[in-house]
Amino acid sequence: VGENLLDLERLLAEVPRGFELVRCRVPATKSSLVEKLPPALVLHLRRLQYGMFGPVKVNTRVAVPPLLNAAPATTTSAQPSVYLLLAVTVHYGSAFGGHYVTFMRTDDLGRRRHRLVEADAVAPGGAGGAG
């Protein structure tokens, strides 16, 4: 077990005599830090909740800022960490099926700034049908 991880067996073994371990649910947040940021950043928000009857899509709106400062998610602030939003892909449908639509940033003349990859060109094993 890593030095920053909680070893449950060790914790249970260290409960002093006369005390008992009480199990309870508390709010928690899971997070990760990145050591080196990539030149281009792609984020995927997994918007499913799992209940008694399987997955359910979460349909709440998410505000997407035009600039993202990724510095709080890094281990060091000595690198450039501001990203410009170029596109947003949205899923319409349910947890069991639907359709993806991508909205892309354009220049002042309405032209796309980057090459668009069509959904049909991406195979399950990777881009371009490889795999």
# chains A, B, ... in the order shown; residues from 1 in each chain; ligands from 1
$ select_by_dssp --residues "region 9-98 of chain A" --states "alpha helix (DSSP H)" --output "list in words"
Glu9, Arg10, Leu11, Leu12 and Ala13 of chain A
$ write_last_selection --atoms "C-alpha atoms" --output "mmCIF file, in the first residue's frame"
data_model
loop_
_atom_site.group_PDB
_atom_site.id
_atom_site.type_symbol
_atom_site.label_atom_id
_atom_site.label_comp_id
_atom_site.auth_asym_id
_atom_site.auth_seq_id
_atom_site.Cartn_x
_atom_site.Cartn_y
_atom_site.Cartn_z
ATOM 1 C CA GLU A 9 -6.380 -3.764 7.701
ATOM 2 C CA ARG A 10 -3.678 -1.787 9.516
ATOM 3 C CA LEU A 11 -6.268 0.723 10.728
ATOM 4 C CA LEU A 12 -8.493 -2.038 12.124
ATOM 5 C CA ALA A 13 -5.510 -3.677 13.853
#
$ closest_residue --among "A:Ala40, A:Val15, A:Leu21, A:Leu84" --to "Arg105 (chain A)" --atoms "only C-alpha atoms"
A:Leu84
$ residues_around --residues "region 53-60 of chain A" --least-positions-apart "2" --cutoff "9 Å" --atoms "only C-alpha atoms" --output "list of chain:residue names"
A:Arg47, A:Leu48, A:Gln49, A:Tyr50, A:Gly51, A:Val62, A:Gly93, A:Ser94, A:Ala95, A:Phe96
$ residues_around --residues "Pro65 (chain A)" --least-positions-apart "4" --cutoff "12 Å" --atoms "only C-alpha atoms" --output "number ranges by chain"
A: 69, 82-88
$ closest_residue --among "A:Ser77, A:Glu14, A:Leu67, A:Glu20" --to "Leu33 (chain A)" --atoms "only C-alpha atoms"
A:Ser77
$ residues_around --residues "Val34 (chain A)" --least-positions-apart "6" --cutoff "8 Å" --atoms "only C-alpha atoms" --output "list in words"
Ala73, Thr74 and Thr75 of chain A
$ closest_residue --among "A:Val22, A:Met104, A:Leu37, A:Ala28" --to "Ala70 (chain A)" --atoms "only C-alpha atoms"
A:Leu37
